[in-house]
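Next comes coords_31.cif, a file with mmCIF, C-alpha atoms.
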```cif
data_run
loop_
_atom_site.group_PDB
_atom_site.id
_atom_site.type_symbol
_atom_site.label_atom_id
_atom_site.label_comp_id
_atom_site.auth_asym_id
_atom_site.auth_seq_id
_atom_site.Cartn_x
_atom_site.Cartn_y
_atom_site.Cartn_z
ATOM 1 C CA MET A 5 -19.368 8.292 -4.025
ATOM 2 C CA GLN A 6 -17.056 7.752 -6.978
ATOM 3 C CA PRO A 7 -13.287 7.818 -6.261
ATOM 4 C CA SER A 8 -11.547 10.938 -7.514
ATOM 5 C CA GLU A 9 -9.238 10.794 -10.508
ATOM 6 C CA PHE A 10 -5.570 11.274 -9.705
ATOM 7 C CA ARG A 11 -3.547 13.783 -11.666
ATOM 8 C CA ALA A 12 0.219 14.006 -11.924
ATOM 9 C CA VAL A 13 1.840 16.733 -9.834
ATOM 10 C CA PRO A 14 4.556 18.863 -11.486
ATOM 11 C CA GLY A 15 8.139 17.991 -10.552
ATOM 12 C CA THR A 16 7.199 14.526 -9.288
ATOM 13 C CA LEU A 17 8.607 11.119 -10.227
ATOM 14 C CA TYR A 18 6.075 8.275 -10.234
ATOM 15 C CA ILE A 19 7.265 4.650 -10.047
ATOM 16 C CA VAL A 20 4.446 2.839 -11.844
ATOM 17 C CA ALA A 21 3.897 -0.933 -11.709
ATOM 18 C CA THR A 22 2.542 -2.343 -14.970
ATOM 19 C CA PRO A 23 0.967 -5.731 -15.840
ATOM 20 C CA ILE A 24 3.222 -8.800 -15.867
ATOM 21 C CA GLY A 25 0.995 -10.406 -18.490
ATOM 22 C CA ASN A 26 -2.720 -9.687 -18.443
ATOM 23 C CA LEU A 27 -3.249 -6.048 -19.404
ATOM 24 C CA ARG A 28 -6.378 -5.863 -17.245
ATOM 25 C CA ASP A 29 -4.214 -6.055 -14.125
ATOM 26 C CA ILE A 30 -3.166 -2.406 -14.288
ATOM 27 C CA THR A 31 -4.569 -0.196 -11.539
ATOM 28 C CA LEU A 32 -6.913 2.731 -12.072
ATOM 29 C CA ARG A 33 -4.474 5.031 -10.310
ATOM 30 C CA ALA A 34 -1.684 3.954 -12.659
ATOM 31 C CA LEU A 35 -3.864 4.813 -15.650
ATOM 32 C CA ASP A 36 -4.668 8.220 -14.160
ATOM 33 C CA ILE A 37 -0.987 9.032 -13.771
ATOM 34 C CA LEU A 38 0.056 7.678 -17.175
ATOM 35 C CA LYS A 39 -2.608 9.875 -18.778
ATOM 36 C CA THR A 40 -1.495 13.071 -17.038
ATOM 37 C CA VAL A 41 2.318 12.956 -16.716
ATOM 38 C CA ASP A 42 4.496 15.005 -19.045
ATOM 39 C CA LEU A 43 6.750 12.077 -19.863
ATOM 40 C CA VAL A 44 6.803 8.260 -19.536
ATOM 41 C CA ALA A 45 10.290 6.798 -19.081
ATOM 42 C CA ALA A 46 10.117 3.230 -20.364
ATOM 43 C CA GLU A 47 12.459 0.238 -20.378
ATOM 44 C CA ASP A 48 11.313 -0.636 -23.905
ATOM 45 C CA THR A 49 9.301 2.110 -25.568
ATOM 46 C CA ARG A 50 7.727 -0.385 -27.992
ATOM 47 C CA VAL A 51 6.343 -2.525 -25.157
ATOM 48 C CA SER A 52 5.068 0.489 -23.235
ATOM 49 C CA ALA A 53 3.556 1.983 -26.389
ATOM 50 C CA GLY A 54 1.446 -1.150 -26.733
ATOM 51 C CA LEU A 55 0.181 -0.861 -23.167
ATOM 52 C CA LEU A 56 -0.609 2.835 -23.511
ATOM 53 C CA SER A 57 -2.351 2.276 -26.843
ATOM 54 C CA ALA A 58 -4.558 -0.415 -25.290
ATOM 55 C CA TYR A 59 -5.949 2.244 -22.934
ATOM 56 C CA GLY A 60 -6.060 5.103 -25.419
ATOM 57 C CA ILE A 61 -3.208 7.006 -23.798
ATOM 58 C CA ASP A 62 -1.111 9.255 -26.027
ATOM 59 C CA ALA A 63 1.981 9.914 -23.946
ATOM 60 C CA LYS A 64 5.473 11.113 -24.804
ATOM 61 C CA LEU A 65 7.932 8.227 -24.313
ATOM 62 C CA PHE A 66 11.574 8.358 -23.239
ATOM 63 C CA SER A 67 13.943 5.359 -23.425
ATOM 64 C CA TYR A 68 15.267 4.338 -19.995
ATOM 65 C CA ARG A 69 17.147 1.031 -20.282
ATOM 66 C CA GLU A 70 19.780 -0.849 -18.312
ATOM 67 C CA HIS A 71 22.470 0.175 -20.785
ATOM 68 C CA ASN A 72 21.708 3.915 -20.632
ATOM 69 C CA GLU A 73 20.469 4.099 -17.041
ATOM 70 C CA GLN A 74 23.125 6.491 -15.723
ATOM 71 C CA ALA A 75 22.954 8.947 -18.613
ATOM 72 C CA ALA A 76 19.170 8.763 -18.908
ATOM 73 C CA SER A 77 18.795 9.360 -15.164
ATOM 74 C CA ALA A 78 20.773 12.595 -15.463
ATOM 75 C CA VAL A 79 18.512 13.835 -18.267
ATOM 76 C CA LEU A 80 15.318 12.884 -16.422
ATOM 77 C CA LEU A 81 16.554 14.469 -13.200
ATOM 78 C CA GLU A 82 17.001 17.750 -15.031
ATOM 79 C CA ARG A 83 13.475 17.498 -16.465
ATOM 80 C CA LEU A 84 12.108 16.923 -12.947
ATOM 81 C CA ARG A 85 13.983 19.982 -11.655
ATOM 82 C CA GLU A 86 12.348 21.974 -14.440
ATOM 83 C CA GLY A 87 8.949 20.969 -13.076
ATOM 84 C CA ARG A 88 8.070 18.114 -15.434
ATOM 85 C CA SER A 89 6.152 15.124 -14.092
ATOM 86 C CA ILE A 90 7.550 11.721 -15.059
ATOM 87 C CA ALA A 91 6.226 8.165 -14.817
ATOM 88 C CA LEU A 92 8.850 5.427 -14.774
ATOM 89 C CA VAL A 93 7.714 2.015 -16.060
ATOM 90 C CA SER A 94 9.410 -1.273 -16.910
ATOM 91 C CA ASP A 95 8.284 -3.829 -19.473
ATOM 92 C CA ALA A 96 6.393 -5.723 -16.765
ATOM 93 C CA GLY A 97 6.004 -5.428 -13.011
ATOM 94 C CA THR A 98 7.606 -2.840 -10.755
ATOM 95 C CA PRO A 99 10.624 -0.760 -11.862
ATOM 96 C CA GLY A 100 13.746 -1.190 -9.756
ATOM 97 C CA ILE A 101 13.045 -4.845 -8.926
ATOM 98 C CA SER A 102 15.268 -6.812 -11.341
ATOM 99 C CA ASP A 103 14.487 -4.048 -13.840
ATOM 100 C CA PRO A 104 15.959 -0.554 -14.410
ATOM 101 C CA GLY A 105 14.793 2.160 -12.048
ATOM 102 C CA ALA A 106 16.916 2.104 -8.900
ATOM 103 C CA VAL A 107 19.415 4.699 -10.144
ATOM 104 C CA LEU A 108 16.765 7.290 -10.987
ATOM 105 C CA ALA A 109 14.696 6.688 -7.850
ATOM 106 C CA ARG A 110 17.724 7.131 -5.600
ATOM 107 C CA ALA A 111 18.988 10.201 -7.450
ATOM 108 C CA ALA A 112 15.578 11.861 -7.301
ATOM 109 C CA ARG A 113 15.218 11.250 -3.572
ATOM 110 C CA GLU A 114 18.712 12.567 -2.894
ATOM 111 C CA ALA A 115 17.859 15.684 -4.913
ATOM 112 C CA GLY A 116 14.761 16.297 -2.797
ATOM 113 C CA ILE A 117 12.376 15.469 -5.642
ATOM 114 C CA PRO A 118 9.136 13.723 -4.613
ATOM 115 C CA VAL A 119 9.160 10.024 -5.574
ATOM 116 C CA VAL A 120 5.719 8.401 -5.469
ATOM 117 C CA PRO A 121 5.320 4.614 -5.813
ATOM 118 C CA LEU A 122 2.186 3.258 -7.472
ATOM 119 C CA PRO A 123 1.902 -0.388 -6.350
ATOM 120 C CA GLY A 124 0.595 -3.058 -8.638
ATOM 121 C CA PRO A 125 1.552 -6.332 -10.329
ATOM 122 C CA SER A 126 4.556 -8.246 -8.997
ATOM 123 C CA ALA A 127 5.767 -11.659 -10.147
ATOM 124 C CA VAL A 128 7.153 -12.348 -6.674
ATOM 125 C CA ALA A 129 3.909 -11.589 -4.833
ATOM 126 C CA THR A 130 1.827 -13.387 -7.460
ATOM 127 C CA THR A 131 3.845 -16.586 -7.066
ATOM 128 C CA LEU A 132 4.113 -16.451 -3.279
ATOM 129 C CA SER A 133 0.338 -16.036 -2.992
ATOM 130 C CA VAL A 134 -0.107 -19.607 -4.266
ATOM 131 C CA ALA A 135 3.108 -21.101 -2.839
ATOM 132 C CA GLY A 136 1.605 -21.907 0.560
ATOM 133 C CA LEU A 137 4.560 -20.761 2.659
ATOM 134 C CA GLU A 138 2.991 -21.071 6.085
ATOM 135 C CA ALA A 139 5.950 -19.657 8.012
ATOM 136 C CA GLY A 140 5.753 -16.368 6.097
ATOM 137 C CA HIS A 141 9.543 -16.043 5.846
ATOM 138 C CA TRP A 142 11.272 -15.899 2.464
ATOM 139 C CA GLN A 143 13.996 -14.025 0.630
ATOM 140 C CA PHE A 144 14.048 -12.635 -2.869
ATOM 141 C CA TYR A 145 17.221 -13.095 -4.912
ATOM 142 C CA GLY A 146 16.147 -12.348 -8.480
ATOM 143 C CA PHE A 147 18.318 -13.435 -11.408
ATOM 144 C CA LEU A 148 21.344 -15.612 -10.677
ATOM 145 C CA PRO A 149 24.638 -14.899 -12.498
ATOM 146 C CA HIS A 150 24.780 -15.968 -16.144
ATOM 147 C CA LYS A 151 28.107 -17.799 -15.894
ATOM 148 C CA ALA A 152 27.945 -21.315 -14.464
ATOM 149 C CA GLY A 153 30.870 -20.911 -12.065
ATOM 150 C CA ASP A 154 29.578 -17.624 -10.659
ATOM 151 C CA ARG A 155 26.073 -19.086 -10.373
ATOM 152 C CA ARG A 156 27.232 -22.106 -8.373
ATOM 153 C CA ARG A 157 29.371 -20.002 -6.064
ATOM 154 C CA GLU A 158 26.409 -17.732 -5.399
ATOM 155 C CA LEU A 159 24.175 -20.723 -4.664
ATOM 156 C CA GLU A 160 26.738 -22.016 -2.180
ATOM 157 C CA THR A 161 26.365 -18.790 -0.208
ATOM 158 C CA LEU A 162 22.587 -19.343 -0.110
ATOM 159 C CA ALA A 163 22.665 -23.037 0.760
ATOM 160 C CA GLY A 164 22.612 -22.532 4.523
ATOM 161 C CA PHE A 165 19.511 -20.362 4.736
ATOM 162 C CA GLU A 166 16.526 -22.074 6.354
ATOM 163 C CA TRP A 167 13.841 -20.061 4.561
ATOM 164 C CA PRO A 168 12.673 -20.297 0.922
ATOM 165 C CA THR A 169 14.429 -18.286 -1.774
ATOM 166 C CA VAL A 170 12.717 -16.777 -4.821
ATOM 167 C CA PHE A 171 14.592 -16.617 -8.126
ATOM 168 C CA TYR A 172 13.750 -15.200 -11.538
ATOM 169 C CA GLU A 173 14.952 -17.010 -14.638
ATOM 170 C CA SER A 174 14.663 -16.708 -18.392
ATOM 171 C CA PRO A 175 13.871 -19.682 -20.657
ATOM 172 C CA HIS A 176 17.408 -19.551 -22.118
ATOM 173 C CA ARG A 177 19.143 -20.484 -18.849
ATOM 174 C CA LEU A 178 16.314 -22.343 -17.110
ATOM 175 C CA LEU A 179 17.646 -25.895 -17.477
ATOM 176 C CA GLU A 180 21.179 -24.924 -16.465
ATOM 177 C CA THR A 181 19.915 -23.061 -13.423
ATOM 178 C CA VAL A 182 17.636 -25.875 -12.266
ATOM 179 C CA ALA A 183 20.485 -28.369 -12.676
ATOM 180 C CA ASP A 184 22.770 -26.169 -10.553
ATOM 181 C CA LEU A 185 20.067 -25.698 -7.914
ATOM 182 C CA ALA A 186 19.801 -29.477 -7.512
ATOM 183 C CA ALA A 187 23.577 -30.009 -7.550
ATOM 184 C CA VAL A 188 24.408 -27.309 -4.995
ATOM 185 C CA LEU A 189 21.345 -27.300 -2.736
ATOM 186 C CA GLY A 190 20.501 -31.001 -2.894
ATOM 187 C CA GLY A 191 17.840 -32.830 -4.858
ATOM 188 C CA GLU A 192 15.432 -33.355 -1.959
ATOM 189 C CA ARG A 193 14.426 -29.719 -1.546
ATOM 190 C CA GLN A 194 10.998 -28.721 -2.809
ATOM 191 C CA LEU A 195 10.732 -26.449 -5.822
ATOM 192 C CA LEU A 196 7.748 -24.479 -7.108
ATOM 193 C CA ILE A 197 7.998 -23.573 -10.791
ATOM 194 C CA ALA A 198 5.774 -20.714 -11.940
ATOM 195 C CA ARG A 199 5.698 -19.630 -15.561
ATOM 196 C CA GLU A 200 3.717 -17.338 -17.842
ATOM 197 C CA LEU A 201 2.091 -15.623 -14.848
ATOM 198 C CA THR A 202 -1.361 -14.112 -15.553
ATOM 199 C CA LYS A 203 -1.124 -15.182 -19.214
ATOM 200 C CA ARG A 204 -3.066 -17.766 -21.186
ATOM 201 C CA PHE A 205 -0.639 -20.608 -20.482
ATOM 202 C CA GLU A 206 0.029 -19.796 -16.831
ATOM 203 C CA GLU A 207 1.328 -22.868 -15.040
ATOM 204 C CA PHE A 208 2.505 -23.921 -11.580
ATOM 205 C CA HIS A 209 4.315 -27.153 -10.799
ATOM 206 C CA ALA A 210 5.718 -28.369 -7.476
ATOM 207 C CA CYS A 211 8.295 -31.133 -7.238
ATOM 208 C CA ARG A 212 11.632 -32.022 -5.677
ATOM 209 C CA LEU A 213 14.680 -30.415 -7.241
ATOM 210 C CA LYS A 214 15.959 -33.771 -8.466
ATOM 211 C CA GLU A 215 12.690 -34.269 -10.392
ATOM 212 C CA ALA A 216 12.506 -30.804 -11.967
ATOM 213 C CA LEU A 217 14.698 -31.368 -15.028
ATOM 214 C CA ASP A 218 12.764 -34.473 -16.086
ATOM 215 C CA TRP A 219 9.490 -32.570 -15.790
ATOM 216 C CA LEU A 220 10.761 -29.568 -17.749
ATOM 217 C CA GLN A 221 12.266 -31.740 -20.482
ATOM 218 C CA GLY A 222 9.117 -33.855 -20.712
ATOM 219 C CA ASP A 223 7.403 -31.121 -22.746
ATOM 220 C CA GLU A 224 9.174 -28.279 -24.570
ATOM 221 C CA ASN A 225 6.235 -25.984 -23.816
ATOM 222 C CA ARG A 226 7.184 -26.156 -20.135
ATOM 223 C CA GLN A 227 10.430 -24.351 -20.963
ATOM 224 C CA ARG A 228 8.715 -21.337 -22.531
ATOM 225 C CA GLY A 229 7.950 -18.005 -20.907
ATOM 226 C CA GLU A 230 9.417 -16.165 -17.948
ATOM 227 C CA PHE A 231 9.925 -18.132 -14.750
ATOM 228 C CA VAL A 232 9.729 -17.643 -11.002
ATOM 229 C CA LEU A 233 11.370 -20.418 -8.967
ATOM 230 C CA VAL A 234 10.685 -20.832 -5.248
ATOM 231 C CA VAL A 235 13.151 -23.194 -3.557
ATOM 232 C CA ASP A 236 12.715 -24.430 0.004
ATOM 233 C CA GLY A 237 15.392 -23.504 2.509
ATOM 234 C CA ARG A 238 17.792 -25.861 4.241
ATOM 235 C CA PRO A 239 15.912 -28.452 6.282
ATOM 236 C CA VAL A 240 16.038 -27.591 9.978
ATOM 237 C CA GLU A 241 18.121 -30.215 11.717
ATOM 238 C CA HIS A 242 17.028 -31.626 15.043
ATOM 239 C CA ASP A 243 18.445 -29.516 17.828
ATOM 240 C CA ALA A 244 20.482 -31.865 20.011
ATOM 241 C CA GLY A 245 20.198 -29.376 22.859
ATOM 242 C CA LEU A 246 16.399 -29.411 22.811
ATOM 243 C CA GLU A 247 16.144 -32.562 24.904
ATOM 244 C CA GLU A 248 18.532 -31.132 27.462
ATOM 245 C CA ALA A 249 16.493 -27.904 27.589
ATOM 246 C CA ARG A 250 13.317 -29.941 28.005
ATOM 247 C CA ARG A 251 14.873 -31.889 30.906
ATOM 248 C CA VAL A 252 16.050 -28.701 32.631
ATOM 249 C CA LEU A 253 12.669 -27.028 32.202
ATOM 250 C CA ALA A 254 10.809 -30.030 33.597
ATOM 251 C CA ILE A 255 12.863 -29.791 36.781
ATOM 252 C CA LEU A 256 12.566 -26.024 37.130
ATOM 253 C CA LEU A 257 8.802 -26.047 36.567
ATOM 254 C CA ASP A 258 8.372 -27.940 39.822
ATOM 255 C CA ASP A 259 9.199 -24.716 41.671
ATOM 256 C CA LEU A 260 9.038 -21.869 39.154
ATOM 257 C CA SER A 261 6.512 -20.257 36.817
ATOM 258 C CA PRO A 262 6.956 -20.853 33.060
ATOM 259 C CA SER A 263 8.495 -17.392 32.533
ATOM 260 C CA GLN A 264 10.935 -17.824 35.436
ATOM 261 C CA ALA A 265 11.817 -21.357 34.370
ATOM 262 C CA ALA A 266 12.441 -20.220 30.787
ATOM 263 C CA ARG A 267 14.732 -17.413 31.969
ATOM 264 C CA VAL A 268 16.818 -19.717 34.172
ATOM 265 C CA ALA A 269 16.907 -22.494 31.539
ATOM 266 C CA ALA A 270 18.120 -20.023 28.925
ATOM 267 C CA ARG A 271 21.083 -19.143 31.160
ATOM 268 C CA ILE A 272 21.867 -22.813 31.740
ATOM 269 C CA THR A 273 21.480 -24.171 28.194
ATOM 270 C CA GLY A 274 22.114 -21.125 26.009
ATOM 271 C CA ALA A 275 18.841 -21.659 24.166
ATOM 272 C CA LYS A 276 16.575 -18.749 23.261
ATOM 273 C CA LYS A 277 14.301 -17.635 26.079
ATOM 274 C CA ASN A 278 11.206 -17.178 23.879
ATOM 275 C CA ALA A 279 11.478 -20.726 22.540
ATOM 276 C CA LEU A 280 12.009 -22.061 26.044
ATOM 277 C CA TYR A 281 8.962 -20.170 27.305
ATOM 278 C CA ASP A 282 6.790 -21.804 24.624
ATOM 279 C CA LEU A 283 8.215 -25.191 25.566
ATOM 280 C CA ALA A 284 7.620 -24.467 29.261
ATOM 281 C CA GLN A 285 3.965 -23.652 28.563
ATOM 282 C CA GLU A 286 3.657 -26.915 26.644
ATOM 283 C CA LEU A 287 5.216 -28.902 29.475
ATOM 284 C CA LYS A 288 3.110 -27.143 32.100
ATOM 285 C CA THR A 289 -0.164 -28.030 30.391
ATOM 286 C CA ALA A 290 0.836 -31.550 29.352
ATOM 287 C CA PRO A 291 -0.903 -34.354 31.288
ATOM 288 C CA LYS A 292 1.233 -35.909 34.030
ATOM 289 C CA ASN A 293 2.151 -39.599 33.836
ATOM 290 C CA ASP A 294 1.270 -41.437 37.028
#
```
Same coordinates, now as structure tokens:
Amino acid sequence: MQPSEFRAVPGTLYIVATPIGNLRDITLRALDILKTVDLVAAEDTRVSAGLLSAYGIDAKLFSYREHNEQAASAVLLERLREGRSIALVSDAGTPGISDPGAVLARAAREAGIPVVPLPGPSAVATTLSVAGLEAGHWQFYGFLPHKAGDRRRELETLAGFEWPTVFYESPHRLLETVADLAAVLGGERQLLIARELTKRFEEFHACRLKEALDWLQGDENRQRGEFVLVVDGRPVEHDAGLEEARRVLAILLDDLSPSQAARVAARITGAKKNALYDLAQELKTAPKND
């Protein structure tokens, strides 16, 4: 059975993810909607016109940029109230994520207008899929401030987090940003540099922050394209209270079950009960020394 073609519904706003490089990455559902909406609101109408032309789509385009976002949102909201269907697209990826779109999406929802997301390409997800972050915890920051002082102050607020942080950066500020990352966060943290995602010269490079500038400056081509930077979080320091918790648990386990011992040890040491339960299970199954 062939999947049914989707058609745009009147009075509906569609948030449409578009390719971040390779035009073949667009979804079939996105193409269905782009073909049938009354209007396509685009970050750069020239870029979107190229995408639509590649798939033979003749759509009416409306400029929706960062600099006209408030005014354009008001116009588009009125069109939606009139029953028009609108697809919102950015130059690449998903609108509203480091690209215009949040203002219109929020206004439409608050006005009771249906807002339908069409998932698709994402530079964050594309990079994280090859980053090998086993813990599964990370935070997305996006673009850091342009000014050096503001950028460093912002990095100082992020320095204490123990999970990786994902940044976007343009080629124009790449070297400055990488230098500030090393200076503020410390040169020993691991960095994954991803550039030109899904394009011909796609590249990934992992190194320590203190090594990143030398690598980037070793070949000018490495400084070209759009970048995603994944920086490891603050190294987890050894918990001085862990040994005390281990000692308390070892004593309690002589008379209590692991769950009971963990509960009592948590009250004594202040450590988290779930972590103590895991440690109690480990101690309970460990071989005894004669």
Can you list, as a list in words, the residues that the PyMOL selection byres ((chain A and resi 197-205) around 8) selects here?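 Evaluating the PyMOL selection byres ((chain A and resi 197-205) around 8) on this file yields Ile24, Gly25, Asn26, Ala127, Thr130, Thr131, Leu195, Leu196, Glu206, Glu207, Phe208, His209, Ala210, Arg228, Gly229, Glu230, Phe231, Val232, Leu233 and Val234 of chain A.
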For the residues in the current selection, export C-alpha atoms as a compact mmCIF listing (two decimals), in the coordinates of the input.
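See selection20.txt below for the written result:
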```
# COMPACT_ATOMS: atom_id res chain seq x y z
CA ILE A 24 3.22 -8.80 -15.87
CA GLY A 25 1.00 -10.41 -18.49
CA ASN A 26 -2.72 -9.69 -18.44
CA ALA A 127 5.77 -11.66 -10.15
CA THR A 130 1.83 -13.39 -7.46
CA THR A 131 3.84 -16.59 -7.07
CA LEU A 195 10.73 -26.45 -5.82
CA LEU A 196 7.75 -24.48 -7.11
CA GLU A 206 0.03 -19.80 -16.83
CA GLU A 207 1.33 -22.87 -15.04
CA PHE A 208 2.50 -23.92 -11.58
CA HIS A 209 4.32 -27.15 -10.80
CA ALA A 210 5.72 -28.37 -7.48
CA ARG A 228 8.72 -21.34 -22.53
CA GLY A 229 7.95 -18.00 -20.91
CA GLU A 230 9.42 -16.16 -17.95
CA PHE A 231 9.93 -18.13 -14.75
CA VAL A 232 9.73 -17.64 -11.00
CA LEU A 233 11.37 -20.42 -8.97
CA VAL A 234 10.68 -20.83 -5.25
```
Report as a list in words the residues that result from applying the PyMOL selection byres ((chain A and resi 145-153) around 7) to the structure here.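 Applied to this file, the PyMOL selection byres ((chain A and resi 145-153) around 7) returns Ser102, Gln143, Phe144, Asp154, Arg155, Arg156, Arg157, Thr169, Val170, Phe171, Tyr172 and Glu173 of chain A.
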The selected residues should be written to file as an mmCIF file, keeping the file's coordinate frame (atoms: C-alpha atoms).
```cif
data_model
loop_
_atom_site.group_PDB
_atom_site.id
_atom_site.type_symbol
_atom_site.label_atom_id
_atom_site.label_comp_id
_atom_site.auth_asym_id
_atom_site.auth_seq_id
_atom_site.Cartn_x
_atom_site.Cartn_y
_atom_site.Cartn_z
ATOM 1 C CA SER A 102 15.268 -6.812 -11.341
ATOM 2 C CA GLN A 143 13.996 -14.025 0.630
ATOM 3 C CA PHE A 144 14.048 -12.635 -2.869
ATOM 4 C CA ASP A 154 29.578 -17.624 -10.659
ATOM 5 C CA ARG A 155 26.073 -19.086 -10.373
ATOM 6 C CA ARG A 156 27.232 -22.106 -8.373
ATOM 7 C CA ARG A 157 29.371 -20.002 -6.064
ATOM 8 C CA THR A 169 14.429 -18.286 -1.774
ATOM 9 C CA VAL A 170 12.717 -16.777 -4.821
ATOM 10 C CA PHE A 171 14.592 -16.617 -8.126
ATOM 11 C CA TYR A 172 13.750 -15.200 -11.538
ATOM 12 C CA GLU A 173 14.952 -17.010 -14.638
#
```
Could you name the residues that touch range 103-120 of chain A at 6 Å or less, counting all atoms listed in the file, but leaving out those on the same chain fewer than 6 positions away, as a list in words? Thr16, Leu17, Tyr18, Glu70 and Ser77 of chain A
Interatomic distance (Å, one decimal) between CA of Ala91 in chain A and CA of Ser8 in chain A: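 Here the two named atoms are 19.4 Å from each other.
Take CA of Arg28 in chain A and CA of Ala129 in chain A: the distance between them is 17.1 Å.
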